[in-house]
>>> print(open('target.cif').read())   # mmCIF, C-alpha atoms and all ligand atoms
data_work
loop_
_atom_site.label_atom_id
_atom_site.label_comp_id
_atom_site.auth_asym_id
_atom_site.auth_seq_id
_atom_site.Cartn_x
_atom_site.Cartn_y
_atom_site.Cartn_z
CA MET A 25 -29.50 -128.29 49.01
CA ARG A 26 -26.62 -129.96 47.16
CA LYS A 27 -24.78 -126.62 47.06
CA ILE A 28 -25.19 -126.11 50.80
CA PHE A 29 -23.90 -129.63 51.43
CA ILE A 30 -20.78 -129.01 49.31
CA LEU A 31 -20.21 -125.70 51.09
CA ILE A 32 -20.36 -127.39 54.52
CA ILE A 33 -17.89 -130.06 53.37
CA LEU A 34 -15.54 -127.34 52.07
CA ILE A 35 -15.70 -125.37 55.33
CA ILE A 36 -15.02 -128.47 57.43
CA SER A 37 -12.06 -129.55 55.30
CA SER A 38 -10.57 -126.07 55.31
CA CYS A 39 -10.81 -125.96 59.11
CA THR A 40 -9.03 -129.30 59.49
CA SER A 41 -6.26 -128.36 57.12
CA GLN A 42 -5.72 -125.05 58.98
CA LYS A 43 -5.53 -126.99 62.21
CA GLN A 44 -2.95 -129.34 60.69
CA THR A 45 -0.77 -126.48 59.45
CA LYS A 46 -0.94 -124.75 62.83
CA GLY A 47 -0.09 -127.87 64.77
CA LYS A 48 2.71 -128.90 62.42
CA SER A 49 6.12 -128.12 63.84
CA THR A 50 8.83 -128.03 61.26
CA PHE A 51 12.35 -128.41 62.50
CA GLY A 52 15.69 -129.59 61.20
CA ILE A 53 19.44 -129.59 61.56
CA VAL A 54 22.35 -129.35 59.11
CA ILE A 55 26.07 -129.72 59.88
CA HIS A 56 29.32 -129.38 57.97
CA GLY A 57 32.83 -130.59 58.66
CA GLY A 58 34.71 -128.39 56.19
CA ALA A 59 34.98 -127.93 52.42
CA GLY A 60 37.91 -128.12 50.00
CA THR A 61 39.60 -130.42 47.51
CA ILE A 62 38.08 -133.61 48.84
CA LEU A 63 38.35 -136.29 46.16
CA LYS A 64 37.28 -139.91 46.28
CA LYS A 65 40.58 -140.96 44.72
CA ASN A 66 42.46 -139.54 47.71
CA MET A 67 40.24 -141.22 50.28
CA THR A 68 40.50 -144.77 51.60
CA ASP A 69 37.24 -146.68 52.19
CA GLU A 70 38.09 -146.74 55.85
CA MET A 71 38.55 -142.95 56.07
CA GLU A 72 35.35 -142.39 54.14
CA LYS A 73 33.40 -144.62 56.53
CA MET A 74 34.93 -142.95 59.55
CA TYR A 75 34.00 -139.45 58.36
CA LEU A 76 30.45 -140.49 57.48
CA ARG A 77 29.98 -142.28 60.79
CA GLN A 78 31.14 -139.28 62.80
CA LEU A 79 28.99 -136.88 60.76
CA GLU A 80 25.98 -139.10 61.39
CA GLU A 81 26.68 -139.40 65.10
CA ALA A 82 27.15 -135.64 65.42
CA VAL A 83 23.98 -134.66 63.58
CA GLN A 84 21.97 -137.18 65.62
CA ILE A 85 23.04 -135.47 68.85
CA GLY A 86 21.47 -132.15 67.87
CA PHE A 87 18.50 -133.80 66.20
CA GLN A 88 17.53 -135.76 69.31
CA ILE A 89 17.62 -132.53 71.35
CA ILE A 90 15.30 -130.59 69.05
CA LYS A 91 13.07 -133.59 68.39
CA ASN A 92 12.44 -133.84 72.14
CA ASP A 93 11.42 -130.16 72.28
CA GLY A 94 14.89 -129.07 73.42
CA ASN A 95 16.45 -125.74 72.73
CA GLY A 96 18.28 -125.06 69.46
CA ARG A 97 21.15 -123.44 71.35
CA GLU A 98 21.89 -126.65 73.18
CA ALA A 99 21.53 -128.65 69.97
CA VAL A 100 24.19 -126.53 68.21
CA GLU A 101 26.52 -126.57 71.23
CA LYS A 102 26.39 -130.32 71.85
CA THR A 103 26.71 -131.20 68.16
CA ILE A 104 29.73 -128.94 67.70
CA ASN A 105 31.29 -130.18 70.97
CA TYR A 106 31.25 -133.69 69.50
CA LEU A 107 33.02 -132.50 66.34
CA GLU A 108 35.49 -130.39 68.34
CA ASN A 109 36.40 -133.46 70.41
CA SER A 110 37.02 -135.57 67.31
CA PRO A 111 40.60 -135.44 65.96
CA LEU A 112 39.25 -135.79 62.40
CA PHE A 113 38.06 -132.20 62.11
CA ASN A 114 39.86 -128.86 62.12
CA ALA A 115 38.26 -127.63 65.36
CA GLY A 116 39.22 -128.28 68.97
CA LYS A 117 41.33 -131.48 69.08
CA GLY A 118 42.93 -132.07 65.68
CA SER A 119 43.03 -128.39 64.70
CA VAL A 120 45.55 -127.21 62.14
CA LEU A 121 48.77 -125.60 63.37
CA THR A 122 50.10 -122.06 63.15
CA SER A 123 53.55 -121.38 61.66
CA GLU A 124 54.90 -121.72 65.19
CA GLY A 125 53.41 -125.16 65.64
CA THR A 126 50.78 -123.93 68.10
CA VAL A 127 46.98 -123.99 67.96
CA GLU A 128 44.80 -120.85 67.86
CA LEU A 129 41.07 -121.40 67.73
CA ASP A 130 38.12 -119.30 66.53
CA ALA A 131 34.39 -119.90 67.12
CA SER A 132 31.09 -118.04 67.05
CA PHE A 133 27.41 -118.55 67.75
CA MET A 134 24.25 -116.60 66.88
CA GLU A 135 20.53 -116.78 67.65
CA GLY A 136 17.98 -115.66 65.08
CA LYS A 137 15.22 -114.50 67.41
CA SER A 138 17.17 -111.91 69.42
CA LEU A 139 20.09 -111.45 66.98
CA ASN A 140 22.28 -112.07 70.03
CA ALA A 141 25.72 -113.43 69.29
CA GLY A 142 29.03 -114.39 70.86
CA ALA A 143 32.49 -115.17 69.52
CA VAL A 144 36.04 -116.01 70.56
CA ALA A 145 39.12 -115.53 68.40
CA GLY A 146 42.69 -116.77 68.68
CA VAL A 147 42.13 -118.74 71.89
CA LYS A 148 44.70 -121.28 73.00
CA ASN A 149 43.47 -123.34 75.91
CA ILE A 150 39.67 -123.65 75.74
CA LYS A 151 38.77 -127.27 75.07
CA ASN A 152 35.47 -126.37 73.38
CA PRO A 153 35.58 -122.89 71.86
CA ILE A 154 31.90 -123.00 70.76
CA SER A 155 30.89 -123.22 74.43
CA ALA A 156 33.04 -120.16 75.14
CA ALA A 157 31.38 -118.26 72.26
CA ILE A 158 27.98 -119.05 73.78
CA LYS A 159 29.21 -117.87 77.20
CA VAL A 160 30.38 -114.58 75.66
CA MET A 161 26.80 -114.12 74.45
CA THR A 162 25.05 -115.16 77.66
CA SER A 163 27.46 -114.01 80.37
CA SER A 164 29.29 -110.92 79.09
CA PRO A 165 28.18 -107.56 77.68
CA HIS A 166 30.32 -108.19 74.58
CA VAL A 167 30.05 -109.99 71.25
CA MET A 168 33.69 -110.95 70.61
CA LEU A 169 36.63 -111.68 72.91
CA SER A 170 40.13 -112.51 71.70
CA GLY A 171 43.44 -114.04 72.76
CA ASN A 172 44.51 -114.37 76.38
CA GLY A 173 41.55 -112.32 77.61
CA ALA A 174 39.11 -114.75 76.04
CA ASP A 175 40.97 -117.69 77.60
CA THR A 176 40.79 -116.02 81.03
CA PHE A 177 37.08 -115.30 80.58
CA ALA A 178 36.38 -118.95 79.67
CA LYS A 179 38.33 -120.16 82.70
CA ASP A 180 36.40 -117.78 84.98
CA GLN A 181 33.18 -119.14 83.51
CA GLY A 182 34.19 -122.64 84.58
CA LEU A 183 34.78 -124.03 81.09
CA GLU A 184 37.23 -126.88 80.69
CA MET A 185 40.76 -125.64 79.93
CA VAL A 186 43.45 -127.82 78.37
CA ASP A 187 47.13 -127.69 77.55
CA GLN A 188 48.09 -126.98 73.90
CA SER A 189 49.38 -130.55 73.57
CA TYR A 190 45.77 -131.80 73.86
CA PHE A 191 44.89 -130.25 70.47
CA ILE A 192 47.99 -131.28 68.50
CA THR A 193 47.90 -134.43 66.34
CA GLU A 194 50.59 -136.05 64.22
CA ARG A 195 48.53 -135.59 61.08
CA ARG A 196 48.38 -131.81 61.54
CA SER A 197 52.08 -131.60 62.44
CA LYS A 198 52.88 -133.32 59.13
CA SER A 199 50.56 -130.91 57.27
CA LEU A 200 52.44 -127.98 58.77
CA GLU A 201 55.77 -129.43 57.60
CA ARG A 202 54.37 -129.92 54.10
CA ALA A 203 52.83 -126.45 53.99
CA LYS A 204 56.13 -124.88 55.05
CA LYS A 205 57.97 -126.83 52.37
CA ILE A 206 55.57 -125.70 49.62
CA ASP A 207 56.06 -122.16 50.87
CA GLU A 208 59.85 -122.43 50.73
CA ASP A 209 60.09 -124.37 47.46
CA ASN A 210 57.90 -121.92 45.62
CA ASN A 211 59.03 -118.82 47.41
CA THR A 212 55.34 -117.98 47.68
CA SER A 213 53.71 -115.44 49.87
CA PHE A 214 51.21 -116.61 52.44
CA TYR A 215 48.26 -118.49 50.84
CA SER A 216 49.17 -117.46 47.32
CA LYS A 217 49.24 -121.11 46.30
CA ASN A 218 46.04 -123.05 46.08
CA GLU A 219 47.72 -126.14 47.47
CA LEU A 220 48.34 -124.32 50.71
CA VAL A 221 44.77 -123.23 50.97
CA ASN A 222 43.70 -126.86 51.15
CA TYR A 223 45.78 -127.42 54.27
CA ARG A 224 42.90 -126.42 56.44
CA ILE A 225 39.89 -128.58 55.61
CA GLY A 226 37.73 -129.60 58.55
CA THR A 227 36.14 -126.50 60.08
CA VAL A 228 32.84 -127.50 61.68
CA GLY A 229 29.45 -125.81 61.71
CA CYS A 230 25.84 -126.47 62.66
CA VAL A 231 22.56 -124.72 61.85
CA VAL A 232 19.26 -125.54 63.52
CA LEU A 233 15.58 -124.68 63.24
CA ASP A 234 13.94 -125.78 66.48
CA LYS A 235 10.28 -126.58 67.11
CA ASN A 236 9.63 -123.05 68.38
CA GLY A 237 10.55 -121.68 64.96
CA ASN A 238 13.85 -120.26 66.19
CA LEU A 239 17.04 -120.36 64.13
CA PHE A 240 20.57 -120.89 65.49
CA SER A 241 24.02 -121.08 63.97
CA GLY A 242 27.48 -122.00 65.27
CA THR A 243 30.92 -122.48 63.70
CA SER A 244 34.26 -123.59 65.18
CA THR A 245 37.74 -123.87 63.61
CA GLY A 246 41.49 -124.00 64.00
CA GLY A 247 41.74 -121.72 60.95
CA MET A 248 44.35 -122.31 58.27
CA THR A 249 47.62 -124.28 58.47
CA ASN A 250 50.78 -122.19 58.83
CA LYS A 251 48.83 -119.06 59.78
CA LYS A 252 50.94 -116.23 61.20
CA TRP A 253 50.71 -112.94 63.01
CA GLY A 254 47.57 -113.83 64.97
CA ARG A 255 45.57 -114.26 61.77
CA ILE A 256 41.81 -114.51 62.37
CA GLY A 257 39.47 -115.95 59.72
CA ASP A 258 35.79 -115.54 58.96
CA VAL A 259 34.56 -118.03 61.56
CA PRO A 260 34.34 -115.71 64.61
CA ILE A 261 33.07 -112.80 62.52
CA ILE A 262 29.33 -112.48 62.86
CA GLY A 263 27.83 -111.96 59.41
CA ALA A 264 30.78 -113.62 57.64
CA GLY A 265 31.21 -117.23 58.84
CA THR A 266 28.14 -117.35 61.07
CA TYR A 267 24.76 -115.65 60.91
CA ALA A 268 21.17 -116.32 62.07
CA ASN A 269 18.01 -114.27 61.71
CA ASN A 270 14.50 -115.60 62.37
CA LEU A 271 13.22 -113.53 59.42
CA THR A 272 15.37 -115.48 56.99
CA CYS A 273 17.81 -118.26 57.81
CA ALA A 274 20.77 -119.56 59.81
CA VAL A 275 24.10 -119.94 57.97
CA SER A 276 27.48 -121.48 58.79
CA ALA A 277 30.34 -121.18 56.32
CA THR A 278 33.62 -122.96 55.65
CA GLY A 279 36.34 -122.05 53.23
CA TRP A 280 39.10 -119.58 52.53
CA GLY A 281 38.24 -117.17 55.33
CA GLU A 282 39.65 -113.98 53.85
CA PHE A 283 37.19 -114.23 50.94
CA PHE A 284 34.28 -115.05 53.23
CA ILE A 285 35.03 -111.94 55.30
CA ARG A 286 35.27 -109.72 52.22
CA ASN A 287 31.95 -111.03 50.90
CA VAL A 288 30.20 -110.93 54.30
CA VAL A 289 28.85 -114.32 53.26
CA GLY A 290 26.41 -115.19 56.06
CA HIS A 291 24.72 -111.82 56.18
CA ASP A 292 24.66 -111.49 52.41
CA ILE A 293 22.69 -114.75 52.08
CA SER A 294 20.24 -113.53 54.69
CA ALA A 295 19.94 -110.10 53.03
CA LEU A 296 19.15 -111.62 49.62
CA MET A 297 16.33 -113.56 51.26
CA GLU A 298 15.04 -110.62 53.30
CA TYR A 299 15.20 -107.90 50.66
CA LYS A 300 14.85 -109.84 47.44
CA GLY A 301 12.67 -112.72 48.59
CA MET A 302 15.15 -115.31 47.30
CA SER A 303 15.07 -118.93 48.45
CA VAL A 304 17.78 -120.12 50.84
CA GLN A 305 19.17 -122.33 48.08
CA ASP A 306 19.36 -119.58 45.42
CA ALA A 307 20.75 -117.02 47.85
CA SER A 308 23.48 -119.43 48.99
CA ARG A 309 24.40 -120.25 45.40
CA GLN A 310 24.54 -116.60 44.37
CA VAL A 311 26.81 -115.60 47.25
CA LEU A 312 29.16 -118.56 46.72
CA ASP A 313 29.43 -117.58 43.05
CA LYS A 314 30.54 -114.12 44.20
CA VAL A 315 33.16 -115.72 46.45
CA ALA A 316 34.41 -117.85 43.52
CA LYS A 317 34.63 -114.82 41.21
CA LEU A 318 37.05 -113.16 43.61
CA GLY A 319 39.12 -116.36 43.72
CA GLY A 320 37.89 -117.82 47.01
CA ASP A 321 36.59 -121.31 47.61
CA GLY A 322 34.47 -123.06 50.19
CA GLY A 323 30.90 -123.89 51.08
CA VAL A 324 27.93 -123.03 53.26
CA ILE A 325 25.15 -124.82 55.05
CA ALA A 326 21.89 -122.98 55.75
CA ILE A 327 18.38 -123.64 56.99
CA ASP A 328 15.43 -121.26 56.63
CA LYS A 329 12.51 -120.56 58.90
CA ASN A 330 10.43 -123.20 57.06
CA GLY A 331 13.03 -125.93 57.30
CA ASN A 332 14.28 -125.62 53.70
CA ILE A 333 18.01 -126.19 53.53
CA ALA A 334 21.07 -125.45 51.41
CA MET A 335 24.36 -127.38 51.39
CA GLU A 336 26.27 -125.54 48.67
CA MET A 337 29.95 -125.49 47.74
CA ASN A 338 32.32 -124.40 45.00
CA THR A 339 34.87 -127.06 45.93
CA SER A 340 34.99 -130.76 45.04
CA GLY A 341 33.62 -131.72 48.42
CA MET A 342 32.23 -130.71 51.78
CA TYR A 343 31.65 -133.03 54.73
CA ARG A 344 27.98 -132.52 55.52
CA ALA A 345 24.85 -134.08 57.02
CA HIS A 346 21.19 -133.19 57.48
CA ILE A 347 18.18 -134.57 59.33
CA ASP A 348 14.72 -133.29 58.50
CA ALA A 349 11.59 -133.22 60.67
CA ASN A 350 10.68 -136.76 59.55
CA GLY A 351 14.01 -138.05 60.83
CA LYS A 352 15.42 -138.61 57.33
CA LEU A 353 19.22 -138.49 57.52
CA THR A 354 21.50 -137.57 54.62
CA ALA A 355 25.30 -137.60 55.00
CA LYS A 356 27.63 -136.79 52.10
CA ILE A 357 31.23 -135.94 51.34
CA TYR A 358 31.65 -135.28 47.60
CA LYS A 359 29.90 -132.67 45.51
N1 LIG A 401 37.07 -120.54 57.19
C1 LIG A 401 38.16 -121.06 57.98
C2 LIG A 401 39.18 -119.97 58.14
O1 LIG A 401 39.48 -119.28 57.19
C3 LIG A 401 38.80 -122.27 57.39
C4 LIG A 401 37.85 -123.27 56.77
O2 LIG A 401 36.65 -123.17 56.94
O3 LIG A 401 38.29 -124.20 56.10
O4 LIG A 401 39.74 -119.84 59.19
#
>>> encode(input="target.cif", output="structure tokens")
Amino acid sequence: MRKIFILIILIISSCTSQKQTKGKSTFGIVIHGGAGTILKKNMTDEMEKMYLRQLEEAVQIGFQIIKNDGNGREAVEKTINYLENSPLFNAGKGSVLTSEGTVELDASFMEGKSLNAGAVAGVKNIKNPISAAIKVMTSSPHVMLSGNGADTFAKDQGLEMVDQSYFITERRSKSLERAKKIDEDNNTSFYSKNELVNYRIGTVGCVVLDKNGNLFSGTSTGGMTNKKWGRIGDVPIIGAGTYANNLTCAVSATGWGEFFIRNVVGHDISALMEYKGMSVQDASRQVLDKVAKLGGDGGVIAIDKNGNIAMEMNTSGMYRAHIDANGKLTAKIYK
């Protein structure tokens, strides 16, 4: 009799716990605002507060959308739009300048369920390049559009177009002057000096797991200061700067783009998880170590299909923030 009673209790409790697991919707959002030599000693309290406040405001935008059963695509778009519109980050307004003093923007977006993706590279007049990347995915038969053609496409799609002067800030003009001077003084080739590499911090990215269990990733940047010859970085390259796959994770990268392209960073993290069963944290660490071995630096944010996250870097800092399913917010700058 006692045994039967215990058995009944066990069956009932197992049923309730199954019900709880089924009904539990895990979701979460992680953002970054660029990685590089970000040291407390170089930061005023005021700047620090401003960065943290904007990271918090941005991550809340996407979080509120997914919390209210919204779509992860919209969460990524709206969050990145906020960061693109802020002059603090190297994306949209406040982007770094090319050697000619102009702005050329890259962005990409990917969805983990369908493996659909869209990207724009070297665009000059699209106010919010991430929205154009999404349009490439939803309203064209292509994955990547570049240059004037991409600008024309965005205009035809009704996206807001702006003059180059909208993007250019005094801070970035000064950075270009300094970068050119380092170049001249040292007679260095492009990006051969580490100092120059740091004239780019502020790329933005966002990864989301929504309540439907779908993963999304987006990244947007102005690239690297003093870039020439129509240089394109890792950001618009699906599998390098941006990747999402419902089987594994969503990744957005930031760092010295050439190294992130050569290491196919986003896809490599996903592949380690898919084929080797690694955790999102271990896979991210391993791939960043590979990047560092080749001489590259930067960081990644990632979220897996269970809501586990990684915010890894091999630099002294990365602007980053996360909100989990319980609404717990973390925002950090230094390593
Ligand atoms: N990855 C970007 C690029 O190379 C720059 C950055 O993330 O800091 O264009």
>>> closest_residue(input="target.cif", among="A:Asp292, A:Glu128, A:Glu72, A:Glu184", to="ligand LIG 401 (chain A)", atoms="all atoms listed in the file")
A:Glu128
>>> residues_around(input="target.cif", residues="range 343-358 of chain A", least_positions_apart="4", cutoff="8 Å", atoms="only C-alpha atoms", output="JSON, numbers by chain")
{"A": [50, 51, 52, 53, 54, 55, 56, 57, 58, 59, 62, 63, 64, 75, 76, 79, 80, 83, 84, 87, 91, 226, 331, 335]}
>>> atom_distance(input="target.cif", atom1="CA of Asp69 in chain A", atom2="CA of Gly118 in chain A")
20.7 Å
>>> closest_residue(input="target.cif", among="A:Asn270, A:Ser132, A:Thr339, A:Thr176", to="Gly257 in chain A", atoms="all atoms listed in the file")
A:Ser132
>>> residues_around(input="target.cif", residues="range 137-154 of chain A", least_positions_apart="2", cutoff="8 Å", atoms="all atoms listed in the file", output="PyMOL selection string")
chain A and resi 101+104-105+108-109+116-117+127-135+156-162+166-172+174-175+178-179+183-188+238-239+242-244+254-256+260-262+268-270
>>> residues_near_ligand(input="target.cif", ligand="ligand LIG 401 (chain A)", cutoff="7 Å", atoms="all atoms listed in the file", output="VMD selection string")
chain A and resid 58 to 59 224 to 227 245 to 248 256 to 259 265 277 to 282
>>> residues_near_point(input="target.cif", point="(48.0, -133.4, 67.8)", cutoff="10 Å", atoms="all atoms listed in the file", output="mmCIF file with C-alpha atoms, in the frame of the given file")
data_model
loop_
_atom_site.group_PDB
_atom_site.id
_atom_site.type_symbol
_atom_site.label_atom_id
_atom_site.label_comp_id
_atom_site.auth_asym_id
_atom_site.auth_seq_id
_atom_site.Cartn_x
_atom_site.Cartn_y
_atom_site.Cartn_z
ATOM 1 C CA PRO A 111 40.600 -135.440 65.960
ATOM 2 C CA LYS A 117 41.330 -131.480 69.080
ATOM 3 C CA GLY A 118 42.930 -132.070 65.680
ATOM 4 C CA SER A 119 43.030 -128.390 64.700
ATOM 5 C CA VAL A 120 45.550 -127.210 62.140
ATOM 6 C CA LEU A 121 48.770 -125.600 63.370
ATOM 7 C CA THR A 126 50.780 -123.930 68.100
ATOM 8 C CA VAL A 127 46.980 -123.990 67.960
ATOM 9 C CA GLN A 188 48.090 -126.980 73.900
ATOM 10 C CA SER A 189 49.380 -130.550 73.570
ATOM 11 C CA TYR A 190 45.770 -131.800 73.860
ATOM 12 C CA PHE A 191 44.890 -130.250 70.470
ATOM 13 C CA ILE A 192 47.990 -131.280 68.500
ATOM 14 C CA THR A 193 47.900 -134.430 66.340
ATOM 15 C CA GLU A 194 50.590 -136.050 64.220
ATOM 16 C CA ARG A 195 48.530 -135.590 61.080
ATOM 17 C CA ARG A 196 48.380 -131.810 61.540
ATOM 18 C CA SER A 197 52.080 -131.600 62.440
ATOM 19 C CA LYS A 198 52.880 -133.320 59.130
#
>>> atom_distance(input="target.cif", atom1="CA of Ile285 in chain A", atom2="CA of Ser308 in chain A")
15.1 Å
>>> closest_residue(input="target.cif", among="A:Tyr223, A:Phe113, A:Phe240, A:Tyr106", to="Ser276 in chain A", atoms="only C-alpha atoms")
A:Phe240
>>> closest_residue(input="target.cif", among="A:Gly290, A:Ser199, A:Glu98, A:Gly60", to="Gly320 in chain A", atoms="only C-alpha atoms")
A:Gly60
>>> atom_distance(input="target.cif", atom1="CA of Val228 in chain A", atom2="CA of Gly341 in chain A")
13.9 Å
>>> closest_residue(input="target.cif", among="A:Ala295, A:Leu271, A:Val304, A:Leu312", to="Phe283 in chain A", atoms="all atoms listed in the file")
A:Leu312
>>> closest_residue(input="target.cif", among="A:Ile327, A:Gly301, A:Asp180, A:Gly229", to="Met342 in chain A", atoms="all atoms listed in the file")
A:Gly229
>>> residues_around(input="target.cif", residues="Met297 in chain A", least_positions_apart="5", cutoff="8 Å", atoms="only C-alpha atoms", output="PyMOL selection string")
chain A and resi 272+302-304+307
>>> closest_atom_pairs(input="target.cif", of="range 70-99 of chain A", to="range 233-237 of chain A", cutoff="7 Å", atoms="all atoms listed in the file", output="tab-separated table")
residue	atom	partner	partner_atom	distance
A:Ile90	CA	A:Asp234	CA	5.6
A:Asp93	CA	A:Lys235	CA	6.4
A:Asn95	CA	A:Asp234	CA	6.7
A:Gly96	CA	A:Asp234	CA	5.3
>>> decode(input="target.cif", residues="range 168-231 of chain A", atoms="C-alpha atoms", output="mmCIF file, in the first residue's frame")
data_model
loop_
_atom_site.group_PDB
_atom_site.id
_atom_site.type_symbol
_atom_site.label_atom_id
_atom_site.label_comp_id
_atom_site.auth_asym_id
_atom_site.auth_seq_id
_atom_site.Cartn_x
_atom_site.Cartn_y
_atom_site.Cartn_z
ATOM 1 C CA MET A 168 24.290 40.785 -50.065
ATOM 2 C CA LEU A 169 24.089 44.105 -51.907
ATOM 3 C CA SER A 170 26.916 46.626 -52.084
ATOM 4 C CA GLY A 171 27.729 50.259 -52.842
ATOM 5 C CA ASN A 172 25.469 52.500 -54.913
ATOM 6 C CA GLY A 173 23.207 49.601 -55.879
ATOM 7 C CA ALA A 174 22.461 48.863 -52.238
ATOM 8 C CA ASP A 175 21.714 52.549 -51.595
ATOM 9 C CA THR A 176 19.304 52.600 -54.559
ATOM 10 C CA PHE A 177 17.619 49.417 -53.345
ATOM 11 C CA ALA A 178 17.123 50.881 -49.853
ATOM 12 C CA LYS A 179 15.662 54.072 -51.306
ATOM 13 C CA ASP A 180 13.263 52.063 -53.488
ATOM 14 C CA GLN A 181 12.206 50.153 -50.385
ATOM 15 C CA GLY A 182 11.224 53.420 -48.727
ATOM 16 C CA LEU A 183 13.986 53.449 -46.115
ATOM 17 C CA GLU A 184 15.138 56.795 -44.768
ATOM 18 C CA MET A 185 18.081 58.193 -46.750
ATOM 19 C CA VAL A 186 20.415 60.874 -45.400
ATOM 20 C CA ASP A 187 23.258 63.051 -46.582
ATOM 21 C CA GLN A 188 26.813 61.974 -45.616
ATOM 22 C CA SER A 189 27.070 64.986 -43.295
ATOM 23 C CA TYR A 190 24.438 63.363 -41.026
ATOM 24 C CA PHE A 191 26.890 60.578 -40.073
ATOM 25 C CA ILE A 192 30.034 62.670 -39.545
ATOM 26 C CA THR A 193 30.981 63.804 -36.029
ATOM 27 C CA GLU A 194 33.873 65.929 -34.817
ATOM 28 C CA ARG A 195 35.199 63.087 -32.687
ATOM 29 C CA ARG A 196 35.562 60.786 -35.703
ATOM 30 C CA SER A 197 37.098 63.550 -37.841
ATOM 31 C CA LYS A 198 39.764 64.000 -35.161
ATOM 32 C CA SER A 199 40.365 60.224 -35.058
ATOM 33 C CA LEU A 200 40.936 60.230 -38.806
ATOM 34 C CA GLU A 201 43.498 63.033 -38.473
ATOM 35 C CA ARG A 202 45.290 61.118 -35.721
ATOM 36 C CA ALA A 203 45.215 57.844 -37.640
ATOM 37 C CA LYS A 204 46.674 59.535 -40.716
ATOM 38 C CA LYS A 205 49.424 61.072 -38.614
ATOM 39 C CA ILE A 206 50.387 57.724 -37.054
ATOM 40 C CA ASP A 207 50.458 56.296 -40.564
ATOM 41 C CA GLU A 208 52.758 59.052 -41.841
ATOM 42 C CA ASP A 209 55.025 59.258 -38.782
ATOM 43 C CA ASN A 210 55.682 55.556 -38.777
ATOM 44 C CA ASN A 211 55.622 55.042 -42.489
ATOM 45 C CA THR A 212 53.408 52.053 -41.753
ATOM 46 C CA SER A 213 51.296 50.117 -44.127
ATOM 47 C CA PHE A 214 47.567 50.018 -43.558
ATOM 48 C CA TYR A 215 46.662 48.575 -40.117
ATOM 49 C CA SER A 216 50.159 47.312 -39.433
ATOM 50 C CA LYS A 217 50.208 49.271 -36.193
ATOM 51 C CA ASN A 218 48.073 48.182 -33.310
ATOM 52 C CA GLU A 219 47.322 51.773 -32.402
ATOM 53 C CA LEU A 220 45.558 52.223 -35.701
ATOM 54 C CA VAL A 221 43.480 49.154 -35.192
ATOM 55 C CA ASN A 222 41.930 50.745 -32.128
ATOM 56 C CA TYR A 223 40.614 53.650 -34.169
ATOM 57 C CA ARG A 224 37.441 51.801 -34.869
ATOM 58 C CA ILE A 225 35.843 50.765 -31.580
ATOM 59 C CA GLY A 226 32.061 50.943 -31.457
ATOM 60 C CA THR A 227 30.596 48.444 -33.930
ATOM 61 C CA VAL A 228 27.185 47.346 -32.656
ATOM 62 C CA GLY A 229 25.520 43.943 -32.551
ATOM 63 C CA CYS A 230 22.508 42.189 -31.075
ATOM 64 C CA VAL A 231 21.567 38.529 -30.624
#
